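To start, the structure under review is shown below, and the notes come after it.
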Number of protein chains: 2
Amino acid sequence: MPKADIHIFAIKGIPEIQPHDDFGAIIMECMRQVGLRARESDVVVIAQKIVSKAEGRIVRLDSIEPSARACEWALQYRKDSRVVELVLREAVRIVRMERGVLIVETRHGFVCANAGVDVSNTSAGTATLLPEDPDRSAERLRMQLTQTWGVPIGVIISDTFGRPWREGLVNVAIGVSGIAPLADYRGQPDSVGRALQATVIAVADELACAAGLVMGKTNRTPVVLVRGFSSARREGTGHDLLRCADQDLFR
Amino acid sequence: MPKADIHIFAIKGIPEIQPHDDFGAIIMECMRQVGLRARESDVVVIAQKIVSKAEGRIVRLDSIEPSARACEWALQYRKDSRVVELVLREAVRIVRMERGVLIVETRHGFVCANAGVDVSNTSAGTATLLPEDPDRSAERLRMQLTQTWGVPIGVIISDTFGRPWREGLVNVAIGVSGIAPLADYRGQPDSVGRALQATVIAVADELACAAGLVMGKTNRTPVVLVRGFSSARREGTGHDLLRCADQDLFR
């Protein structure tokens, strides 16, 4: 059998993460236990949820005093008014607030449902928020892993987002370090020799999706290693994936 | 080294596809030559472009008489009026037509830029259209491959689409057969035992993205095999990934 071009490894055995856990050390230990050694250009993809937990981005819902607006909307659509309040606090812009759907632009610049505020896979009575700065979280983890492993790698922090026009959520990259998130083919010749016009591929999102195939949502596989993706460039952040509001036709 | 959970193989050696080519036979021959034997639950992902070519969905631009509307818009944004005309003919709804961007709903129900009309990787003076019915194309190919290989597999026909709010294109599934395109976790317990509320993952799109990592846009790798993704269900089509217009907040 020929060698695969890309291998995707679910990193098994990651425990429930607590605030202030050193999850870099935990990831390295879990990989060591299964005999998986990092190689140059490996990309480690980590679900946002455990990054948020390690960084203490957990809110007790009984500490939240919902505003009148949050209460009204929550009542209308049978939501938890404290969760709605958290979403509104995380938002810098309401993109859609209708039919029980609340799509906002977060302080980071992500446009997503509920500002990434999430009550699944977290203790009862609590919600997790997105990391304060997912690019910085990715960068910090990349430095730690690279230092120990001695090879340059990439790190992606991922979350599952919905999309307009299409059903279902897909994994996307919300924090990126050590890998160029966009592969720009503009000007390169296509297969018949003409310059490609508008082809920039969001490879960090495609890597997040590839990892999403083994992450699941119920089986605690928040860390995935993708091996074999070669990227000519290593610079860039997840911020590069965000379209500026003034370039966007849908907010 | 532990075995990877998912392996992604670029199928090398696919020649330039011509109308009426039996690309099922071509794929099987290319796999045979590299010693890759299909296994149960393998997913073959095929770039739309070669399906369109095999199905003769190629238009000579000099056969197109652009309408006044196409000419006006093309002039304003320095586009080819014949390509604009083709896009308008393929569209059942204009979602955005401004700043040189033409986002439409196609007859199939896809919302995408330029209705999938594409002048890259095709002979000078021609454009390719999306397959007439990508689900049927996927189903036909799946039947052919399954019959020869003797194992149930999945087939995805993919194209690269842009997204609101985020930069870059990603691969998406436009035709699906033999694999459930959506994995529905609603009601299943999360890692702390509570029922997940809103978690439906578009796994066919994530598979398309994973394949996209090795497809590239310039290096003629239009066929990719993804091995190791386990899906409990095999039913469904790419149509299941399309949000109904009346459920959609962005058209």
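Each chain in the structure tokens gets a letter, A, B and so on, in the order shown; residues start at 1 in every chain, and ligands are counted from 1 in the order they appear.
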Residues of segment 59-248 of chain A in strand (DSSP E), written as a ChimeraX atom specification: /A:59-60,91-98,101-106,111-113,126-128,154-161,170-177,183-184,200-201,223-227
Residue list for chain B near chain A as a ChimeraX atom specification, 6 Å, only C-alpha atoms: /B:1,4-9,35-36,121,165-170,190-192,200-202,206,209-210,218,241-243
Distance in Å - atom CA of Ala74 of chain B versus atom CA of Leu130 of chain B: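 Between these atoms lies a distance of 21.2 Å.
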Separation of atom CA of Ala38 of chain B from atom CA of Lys53 of chain B, in Å and rounded to one decimal: 24.6 Å
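Coordinates place atom CA of Asp21 of chain B at a distance of 14.5 Å from atom CA of Pro131 of chain B.
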Close residues, Val51 of chain A itself excluded, 8 Å, only C-alpha atoms, min 5 positions apart in chain, as number ranges by chain: A: 23, 46, 131, 137, 157
Spatial neighbours of segment 57-65 of chain A, 7 Å, only C-alpha atoms, chain gap at least 5 places, as a list of chain:residue names: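 That gives A:Ser52, A:Arg82, A:Gly125, A:Thr126, A:Ala127, A:Thr128, A:Leu129, A:Pro131.
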Given only C-alpha atoms as the counted atoms, nearest of B:Ala54, B:Leu141, B:Ile174, B:Ala47 to Ile17 of chain B: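 Answer, going by the shortest atom-to-atom distance: B:Ala54.
Each of A:Gly116, A:Gly13, A:Gly175, A:Gly236 was checked against Val45 of chain A using only C-alpha atoms; the smallest atom-to-atom distance is that of A:Gly175.
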Per-residue DSSP, segment 20-77 of chain A, filtered to alpha helix (DSSP H), as a ChimeraX atom specification: /A:23-33,48-54,68-77
Gly56 of chain A environment, 8 Å, only C-alpha atoms, sequence neighbours closer than 4 positions dropped, as a PyMOL selection string: chain A and resi 18-20+52
